[in-house]
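Data first, discussion second: the structure below is written as structure tokens.
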Amino acid sequence: MASYKILPLRNEGIDLEKIENRVENMSALESSADLRSGTLPRSFQTFQGEICYVEYAQEEETEVTTLDGDDEKIKVADMYPIIFLGNGYVAYDANLPNQDVENAIVRMVSNLLDTDIHYEAVTFDENGIKDVVDQANTVREADFKPSSQKPNSVSARYLPGLQETEIWQQYEAEPLEKAKVDLPDQSTYNISFYEKGKITIHGRQIPKDVQVDILRYIADEVVANLDIDSFQKKLGGEFQ
């Protein structure tokens, strides 16, 4: 499964060449910080001539136990996708470890666009999302009362990091809406919409180009038809 949040931009047009250059300039590999963060130029890809994909990387220190029983600190890097959809919206990874990482990703979007606007992600209202999905041309209603078939409770004596895992995030909240997206190649994907703005594409090892197609469809057919005032104080963002 792949989960994303959607940011509306102030302007629909983006300059792919400019973004690619800024990706190079903000490379995590060029950072001199002890724990590096930034974009990964090798991850940069373009789709359909107007969409671009890049990964934001952030190093962190973690402690592991060696075979000798000693605790040893090592650096690990996590990568998070950012997708400029070319239609006035950006998608970014919704399954993040904490709010600080999400803030860093949103700041990176602003930096890549070379703007000081602070963007706010879309959130979903139950009635609004159902109405829009029902009317969308390429998204068809699947289930107004979805059942996730999750256990009634989860218990464990000690499971470090459980709340940061994707399964926990899926467990703790029911989707507001489940729908199906029909792509031009006649393939169909199940999509879930959650109250805090998370969109989950169900399936394993979904290719990047397919994820891009689905997100573009969702932005065009669903998000663009939502009441902007319900999730954005000002169209496209707020000035700092």
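Chain labels follow the order of the structure tokens: the first chain is A, the next B, and so on; residue numbering restarts at 1 in every chain, and ligands are counted from 1 in their shown order.
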Do a neighbour search on A:Ile218 at 12 Å with only C-alpha atoms, toss out local chain neighbours closer than 3 positions, and write the hits as a short mmCIF file (atom, residue, chain, number, x, y, z; two decimals) with all heavy atoms, in the first residue's frame.
data_model
loop_
_atom_site.label_atom_id
_atom_site.label_comp_id
_atom_site.auth_asym_id
_atom_site.auth_seq_id
_atom_site.Cartn_x
_atom_site.Cartn_y
_atom_site.Cartn_z
N TYR A 4 -0.56 8.86 0.74
CA TYR A 4 -0.11 10.22 0.45
C TYR A 4 -1.05 11.25 1.05
O TYR A 4 -2.21 10.97 1.32
CB TYR A 4 -0.05 10.45 -1.07
CG TYR A 4 1.01 9.65 -1.78
CD1 TYR A 4 0.73 8.38 -2.29
CD2 TYR A 4 2.29 10.15 -1.94
CE1 TYR A 4 1.70 7.65 -2.94
CE2 TYR A 4 3.27 9.42 -2.58
CZ TYR A 4 2.97 8.17 -3.08
OH TYR A 4 3.94 7.43 -3.72
N LYS A 5 -0.52 12.45 1.22
CA LYS A 5 -1.32 13.64 1.48
C LYS A 5 -1.15 14.57 0.28
O LYS A 5 -0.18 14.49 -0.46
CB LYS A 5 -0.88 14.34 2.77
CG LYS A 5 -1.29 13.62 4.04
CD LYS A 5 -0.96 14.46 5.27
CE LYS A 5 -1.45 13.79 6.54
NZ LYS A 5 -1.17 14.63 7.74
N ILE A 6 -2.11 15.47 0.13
CA ILE A 6 -2.12 16.38 -1.02
C ILE A 6 -2.01 17.82 -0.55
O ILE A 6 -2.72 18.26 0.35
CB ILE A 6 -3.41 16.23 -1.84
CG1 ILE A 6 -3.57 14.80 -2.34
CG2 ILE A 6 -3.43 17.22 -3.00
CD1 ILE A 6 -2.64 14.40 -3.44
N LEU A 85 2.43 17.17 -9.20
CA LEU A 85 1.48 16.54 -10.11
C LEU A 85 1.19 17.35 -11.37
O LEU A 85 0.47 16.89 -12.25
CB LEU A 85 0.17 16.24 -9.38
CG LEU A 85 0.31 15.23 -8.23
CD1 LEU A 85 -0.99 15.14 -7.44
CD2 LEU A 85 0.71 13.86 -8.76
N ASN A 87 -0.65 19.86 -11.89
CA ASN A 87 -2.00 20.40 -12.04
C ASN A 87 -2.38 21.29 -10.86
O ASN A 87 -3.56 21.46 -10.54
CB ASN A 87 -3.01 19.26 -12.16
CG ASN A 87 -2.98 18.33 -10.94
OD1 ASN A 87 -2.13 18.45 -10.07
ND2 ASN A 87 -3.91 17.39 -10.89
N TYR A 89 -1.12 20.75 -7.69
CA TYR A 89 -1.08 19.98 -6.46
C TYR A 89 0.24 19.22 -6.32
O TYR A 89 0.88 18.88 -7.32
CB TYR A 89 -2.24 18.97 -6.39
CG TYR A 89 -3.60 19.62 -6.38
CD1 TYR A 89 -4.31 19.81 -7.56
CD2 TYR A 89 -4.17 20.07 -5.18
CE1 TYR A 89 -5.55 20.43 -7.56
CE2 TYR A 89 -5.42 20.68 -5.17
CZ TYR A 89 -6.09 20.85 -6.37
OH TYR A 89 -7.32 21.47 -6.35
N VAL A 90 0.60 18.97 -5.07
CA VAL A 90 1.77 18.16 -4.74
C VAL A 90 1.31 17.03 -3.82
O VAL A 90 0.48 17.25 -2.92
CB VAL A 90 2.86 19.00 -4.02
CG1 VAL A 90 3.99 18.11 -3.52
CG2 VAL A 90 3.41 20.06 -4.95
N ALA A 91 1.84 15.84 -4.03
CA ALA A 91 1.56 14.71 -3.14
C ALA A 91 2.84 14.36 -2.38
O ALA A 91 3.93 14.42 -2.94
CB ALA A 91 1.08 13.50 -3.94
N ILE A 129 -16.50 14.49 1.06
CA ILE A 129 -15.75 13.52 0.26
C ILE A 129 -16.69 12.52 -0.41
O ILE A 129 -16.49 12.12 -1.56
CB ILE A 129 -14.68 12.80 1.11
CG1 ILE A 129 -13.71 12.01 0.22
CG2 ILE A 129 -15.28 11.87 2.14
CD1 ILE A 129 -12.84 12.86 -0.63
N VAL A 132 -18.36 14.27 -3.46
CA VAL A 132 -17.44 14.48 -4.57
C VAL A 132 -17.10 13.17 -5.26
O VAL A 132 -17.09 13.08 -6.49
CB VAL A 132 -16.16 15.20 -4.08
CG1 VAL A 132 -15.11 15.21 -5.18
CG2 VAL A 132 -16.48 16.61 -3.65
N VAL A 133 -16.82 12.13 -4.48
CA VAL A 133 -16.50 10.83 -5.06
C VAL A 133 -17.67 10.32 -5.89
O VAL A 133 -17.49 9.76 -6.98
CB VAL A 133 -16.12 9.82 -3.96
CG1 VAL A 133 -16.09 8.39 -4.51
CG2 VAL A 133 -14.76 10.16 -3.36
N ALA A 136 -17.59 12.15 -9.28
CA ALA A 136 -16.36 12.16 -10.07
C ALA A 136 -16.49 11.27 -11.30
O ALA A 136 -17.10 10.20 -11.25
CB ALA A 136 -15.19 11.70 -9.21
N ASN A 137 -15.90 11.70 -12.39
CA ASN A 137 -16.01 10.96 -13.65
C ASN A 137 -15.18 9.67 -13.66
O ASN A 137 -15.59 8.67 -14.22
CB ASN A 137 -15.57 11.85 -14.81
CG ASN A 137 -16.51 13.01 -15.03
OD1 ASN A 137 -17.70 12.89 -14.83
ND2 ASN A 137 -15.96 14.14 -15.45
N THR A 138 -14.01 9.73 -13.05
CA THR A 138 -13.11 8.58 -13.13
C THR A 138 -12.97 7.85 -11.82
O THR A 138 -12.16 6.95 -11.69
CB THR A 138 -11.70 9.04 -13.60
OG1 THR A 138 -11.26 10.08 -12.72
CG2 THR A 138 -11.74 9.55 -15.02
N VAL A 139 -13.71 8.28 -10.83
CA VAL A 139 -13.70 7.59 -9.53
C VAL A 139 -15.12 7.12 -9.27
O VAL A 139 -16.05 7.90 -9.33
CB VAL A 139 -13.25 8.53 -8.39
CG1 VAL A 139 -13.21 7.77 -7.07
CG2 VAL A 139 -11.89 9.14 -8.70
N ARG A 140 -15.30 5.83 -9.00
CA ARG A 140 -16.65 5.34 -8.78
C ARG A 140 -16.78 4.81 -7.36
O ARG A 140 -15.86 4.21 -6.81
CB ARG A 140 -17.02 4.27 -9.79
CG ARG A 140 -16.04 3.12 -9.92
CD ARG A 140 -16.41 2.27 -11.12
NE ARG A 140 -15.41 1.27 -11.41
CZ ARG A 140 -15.41 0.05 -10.88
NH1 ARG A 140 -16.34 -0.29 -10.04
NH2 ARG A 140 -14.46 -0.81 -11.21
N ALA A 179 -13.21 3.90 -2.45
CA ALA A 179 -13.66 4.06 -3.83
C ALA A 179 -12.74 3.27 -4.74
O ALA A 179 -11.72 2.73 -4.30
CB ALA A 179 -13.68 5.54 -4.21
N LYS A 180 -13.10 3.21 -6.00
CA LYS A 180 -12.27 2.56 -7.01
C LYS A 180 -11.91 3.58 -8.08
O LYS A 180 -12.76 4.37 -8.50
CB LYS A 180 -12.99 1.36 -7.64
CG LYS A 180 -13.20 0.19 -6.68
CD LYS A 180 -13.90 -0.96 -7.39
CE LYS A 180 -14.17 -2.11 -6.41
NZ LYS A 180 -12.94 -2.77 -5.97
N VAL A 181 -10.66 3.56 -8.51
CA VAL A 181 -10.19 4.44 -9.57
C VAL A 181 -9.95 3.61 -10.82
O VAL A 181 -9.24 2.61 -10.78
CB VAL A 181 -8.90 5.17 -9.16
CG1 VAL A 181 -8.31 5.92 -10.35
CG2 VAL A 181 -9.17 6.14 -8.03
N ASP A 182 -10.56 4.00 -11.93
CA ASP A 182 -10.37 3.33 -13.22
C ASP A 182 -9.35 4.12 -14.04
O ASP A 182 -9.59 5.30 -14.35
CB ASP A 182 -11.68 3.24 -13.99
CG ASP A 182 -12.72 2.41 -13.24
OD1 ASP A 182 -12.31 1.42 -12.62
OD2 ASP A 182 -13.91 2.75 -13.28
N LEU A 183 -8.23 3.50 -14.40
CA LEU A 183 -7.20 4.17 -15.19
C LEU A 183 -7.44 3.91 -16.68
O LEU A 183 -8.16 2.97 -17.06
CB LEU A 183 -5.82 3.66 -14.78
CG LEU A 183 -5.42 3.96 -13.33
CD1 LEU A 183 -4.01 3.47 -13.08
CD2 LEU A 183 -5.52 5.43 -13.01
N TYR A 189 -7.97 0.35 -9.21
CA TYR A 189 -7.32 0.33 -7.91
C TYR A 189 -8.28 0.81 -6.83
O TYR A 189 -9.07 1.73 -7.05
CB TYR A 189 -6.07 1.22 -7.93
CG TYR A 189 -4.94 0.62 -8.73
CD1 TYR A 189 -4.85 0.84 -10.10
CD2 TYR A 189 -3.97 -0.19 -8.13
CE1 TYR A 189 -3.82 0.27 -10.85
CE2 TYR A 189 -2.95 -0.76 -8.87
CZ TYR A 189 -2.88 -0.52 -10.23
OH TYR A 189 -1.88 -1.09 -10.97
N ASN A 190 -8.20 0.17 -5.68
CA ASN A 190 -8.99 0.57 -4.53
C ASN A 190 -8.29 1.70 -3.79
O ASN A 190 -7.07 1.63 -3.54
CB ASN A 190 -9.19 -0.61 -3.59
CG ASN A 190 -10.06 -1.68 -4.20
OD1 ASN A 190 -11.12 -1.39 -4.75
ND2 ASN A 190 -9.63 -2.92 -4.13
N ILE A 191 -9.06 2.72 -3.42
CA ILE A 191 -8.53 3.90 -2.75
C ILE A 191 -9.31 4.15 -1.47
O ILE A 191 -10.53 3.97 -1.44
CB ILE A 191 -8.66 5.15 -3.65
CG1 ILE A 191 -8.14 4.88 -5.06
CG2 ILE A 191 -7.94 6.35 -3.03
CD1 ILE A 191 -6.67 4.59 -5.12
N SER A 192 -8.62 4.55 -0.41
CA SER A 192 -9.29 4.94 0.83
C SER A 192 -8.94 6.39 1.15
O SER A 192 -7.79 6.82 0.96
CB SER A 192 -8.86 4.04 2.00
OG SER A 192 -9.33 2.73 1.83
N PHE A 193 -9.93 7.14 1.65
CA PHE A 193 -9.75 8.53 2.05
C PHE A 193 -9.96 8.62 3.56
O PHE A 193 -10.98 8.15 4.07
CB PHE A 193 -10.76 9.43 1.35
CG PHE A 193 -10.63 9.46 -0.15
CD1 PHE A 193 -11.32 8.54 -0.93
CD2 PHE A 193 -9.82 10.40 -0.77
CE1 PHE A 193 -11.23 8.57 -2.31
CE2 PHE A 193 -9.71 10.43 -2.16
CZ PHE A 193 -10.42 9.50 -2.93
N ILE A 199 -4.56 9.60 1.82
CA ILE A 199 -5.14 8.82 0.72
C ILE A 199 -4.30 7.56 0.57
O ILE A 199 -3.08 7.64 0.38
CB ILE A 199 -5.11 9.61 -0.60
CG1 ILE A 199 -5.91 10.91 -0.46
CG2 ILE A 199 -5.61 8.77 -1.76
CD1 ILE A 199 -5.65 11.89 -1.58
N THR A 200 -4.91 6.40 0.68
CA THR A 200 -4.17 5.15 0.58
C THR A 200 -4.56 4.42 -0.70
O THR A 200 -5.75 4.22 -0.98
CB THR A 200 -4.44 4.24 1.79
OG1 THR A 200 -3.91 4.86 2.97
CG2 THR A 200 -3.78 2.88 1.62
N ILE A 201 -3.55 4.03 -1.47
CA ILE A 201 -3.74 3.21 -2.67
C ILE A 201 -3.45 1.77 -2.27
O ILE A 201 -2.32 1.44 -1.88
CB ILE A 201 -2.79 3.66 -3.80
CG1 ILE A 201 -2.94 5.16 -4.07
CG2 ILE A 201 -3.05 2.86 -5.06
CD1 ILE A 201 -1.84 5.72 -4.96
N GLN A 211 1.24 5.01 -9.48
CA GLN A 211 0.91 5.87 -8.35
C GLN A 211 0.71 7.31 -8.80
O GLN A 211 -0.22 8.00 -8.36
CB GLN A 211 2.02 5.80 -7.30
CG GLN A 211 2.17 4.44 -6.64
CD GLN A 211 3.22 4.46 -5.55
OE1 GLN A 211 3.30 5.39 -4.77
NE2 GLN A 211 4.03 3.41 -5.48
N VAL A 212 1.58 7.77 -9.70
CA VAL A 212 1.46 9.13 -10.22
C VAL A 212 0.14 9.32 -10.95
O VAL A 212 -0.56 10.31 -10.76
CB VAL A 212 2.65 9.43 -11.16
CG1 VAL A 212 2.39 10.69 -11.98
CG2 VAL A 212 3.94 9.58 -10.36
N ASP A 213 -0.23 8.34 -11.79
CA ASP A 213 -1.49 8.43 -12.53
C ASP A 213 -2.69 8.51 -11.58
O ASP A 213 -3.59 9.32 -11.77
CB ASP A 213 -1.66 7.20 -13.44
CG ASP A 213 -0.83 7.30 -14.71
OD1 ASP A 213 -0.39 8.41 -15.03
OD2 ASP A 213 -0.64 6.27 -15.36
N ILE A 214 -2.68 7.66 -10.56
CA ILE A 214 -3.78 7.63 -9.60
C ILE A 214 -3.88 8.95 -8.85
O ILE A 214 -4.97 9.53 -8.70
CB ILE A 214 -3.62 6.46 -8.62
CG1 ILE A 214 -3.78 5.13 -9.37
CG2 ILE A 214 -4.64 6.55 -7.49
CD1 ILE A 214 -3.44 3.91 -8.53
N LEU A 215 -2.75 9.45 -8.37
CA LEU A 215 -2.75 10.70 -7.62
C LEU A 215 -3.19 11.87 -8.48
O LEU A 215 -3.90 12.77 -8.01
CB LEU A 215 -1.36 10.95 -7.03
CG LEU A 215 -0.94 9.98 -5.91
CD1 LEU A 215 0.54 10.12 -5.62
CD2 LEU A 215 -1.76 10.22 -4.65
N GLU A 221 -10.09 14.93 -10.06
CA GLU A 221 -11.49 14.55 -9.97
C GLU A 221 -12.10 14.70 -8.57
O GLU A 221 -13.31 14.83 -8.45
CB GLU A 221 -11.66 13.09 -10.43
CG GLU A 221 -11.30 12.85 -11.88
CD GLU A 221 -12.29 13.51 -12.83
OE1 GLU A 221 -13.42 13.80 -12.40
OE2 GLU A 221 -11.92 13.73 -13.99
N VAL A 222 -11.27 14.65 -7.54
CA VAL A 222 -11.80 14.71 -6.18
C VAL A 222 -11.36 15.98 -5.47
O VAL A 222 -12.18 16.83 -5.11
CB VAL A 222 -11.36 13.47 -5.37
CG1 VAL A 222 -11.86 13.58 -3.93
CG2 VAL A 222 -11.91 12.20 -6.02
N VAL A 223 -10.05 16.14 -5.27
CA VAL A 223 -9.57 17.26 -4.46
C VAL A 223 -9.94 18.60 -5.08
O VAL A 223 -10.36 19.52 -4.37
CB VAL A 223 -8.04 17.16 -4.27
CG1 VAL A 223 -7.52 18.36 -3.48
CG2 VAL A 223 -7.67 15.86 -3.57
N ALA A 224 -9.84 18.72 -6.40
CA ALA A 224 -10.15 19.99 -7.05
C ALA A 224 -11.61 20.38 -6.90
O ALA A 224 -11.96 21.56 -7.05
CB ALA A 224 -9.79 19.91 -8.54
N ASN A 225 -12.47 19.41 -6.59
CA ASN A 225 -13.90 19.69 -6.46
C ASN A 225 -14.36 19.85 -5.02
O ASN A 225 -15.56 20.03 -4.77
CB ASN A 225 -14.70 18.57 -7.14
CG ASN A 225 -14.50 18.57 -8.64
OD1 ASN A 225 -14.57 19.62 -9.27
ND2 ASN A 225 -14.24 17.41 -9.20
N LEU A 226 -13.44 19.77 -4.08
CA LEU A 226 -13.79 19.99 -2.68
C LEU A 226 -13.94 21.48 -2.40
O LEU A 226 -13.39 22.32 -3.13
CB LEU A 226 -12.73 19.40 -1.76
CG LEU A 226 -12.60 17.88 -1.74
CD1 LEU A 226 -11.39 17.48 -0.92
CD2 LEU A 226 -13.85 17.24 -1.16
#
Contacts of stretch 12-80 of chain A with stretch 113-128 of chain A up to 10 Å, shortest pair per row, only C-alpha atoms, as CSV:
residue,atom,partner,partner_atom,distance
A:Ile14,CA,A:Leu113,CA,7.6
A:Asp15,CA,A:Leu113,CA,8.3
A:Leu16,CA,A:Leu113,CA,9.7
A:Lys18,CA,A:Leu113,CA,8.1
A:Ile19,CA,A:Leu113,CA,6.6
A:Arg22,CA,A:Leu113,CA,8.4
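Nearest residue to A:Asp100 among A:Asn21, A:Leu29, A:Ile206, A:Gln58 is A:Gln58, counting only C-alpha atoms.
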Could you check how far atom CA of A:Cys52 sits from atom CA of A:Gly86, in Å to one decimal? 7.8 Å
Quick one: residues within 10 Å of A:Met26, only C-alpha atoms counted, chain neighbours fewer than 3 positions away excluded, as a ChimeraX atom specification? /A:20-23,29-31,37-41,56,108,111-112
Resulting file, chosen residues, C-alpha atoms, as a PDB file, in the first residue's frame:
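Dumped to result-v5.pdb:
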ATOM      1  CA  GLU A  20      15.501  19.719 -10.996  1.00  0.00           C
ATOM      2  CA  ASN A  21      18.261  22.303 -10.512  1.00  0.00           C
ATOM      3  CA  ARG A  22      17.108  23.009  -6.966  1.00  0.00           C
ATOM      4  CA  VAL A  23      17.001  19.268  -6.262  1.00  0.00           C
ATOM      5  CA  LEU A  29      24.615  14.119  -0.222  1.00  0.00           C
ATOM      6  CA  GLU A  30      26.113  17.616  -0.327  1.00  0.00           C
ATOM      7  CA  SER A  31      25.089  18.475   3.235  1.00  0.00           C
ATOM      8  CA  SER A  37      18.815  15.750   5.061  1.00  0.00           C
ATOM      9  CA  GLY A  38      17.678  16.937   1.668  1.00  0.00           C
ATOM     10  CA  THR A  39      16.663  15.686  -1.755  1.00  0.00           C
ATOM     11  CA  LEU A  40      18.203  12.762  -3.628  1.00  0.00           C
ATOM     12  CA  PRO A  41      19.041  13.851  -7.203  1.00  0.00           C
ATOM     13  CA  TYR A  56      13.472  13.601   0.388  1.00  0.00           C
ATOM     14  CA  MET A 108      11.241  21.337   1.145  1.00  0.00           C
ATOM     15  CA  ASN A 111      12.158  25.533  -1.165  1.00  0.00           C
ATOM     16  CA  LEU A 112      11.933  23.555  -4.398  1.00  0.00           C
TER      17      LEU A 112
END
Identify which of the residues A:Ala57, A:Val210, A:Ile51, A:Ala33 lies closest to A:Pro81, counting only C-alpha atoms when measuring atom-to-atom distances.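 Nearest to A:Pro81: A:Ala57.
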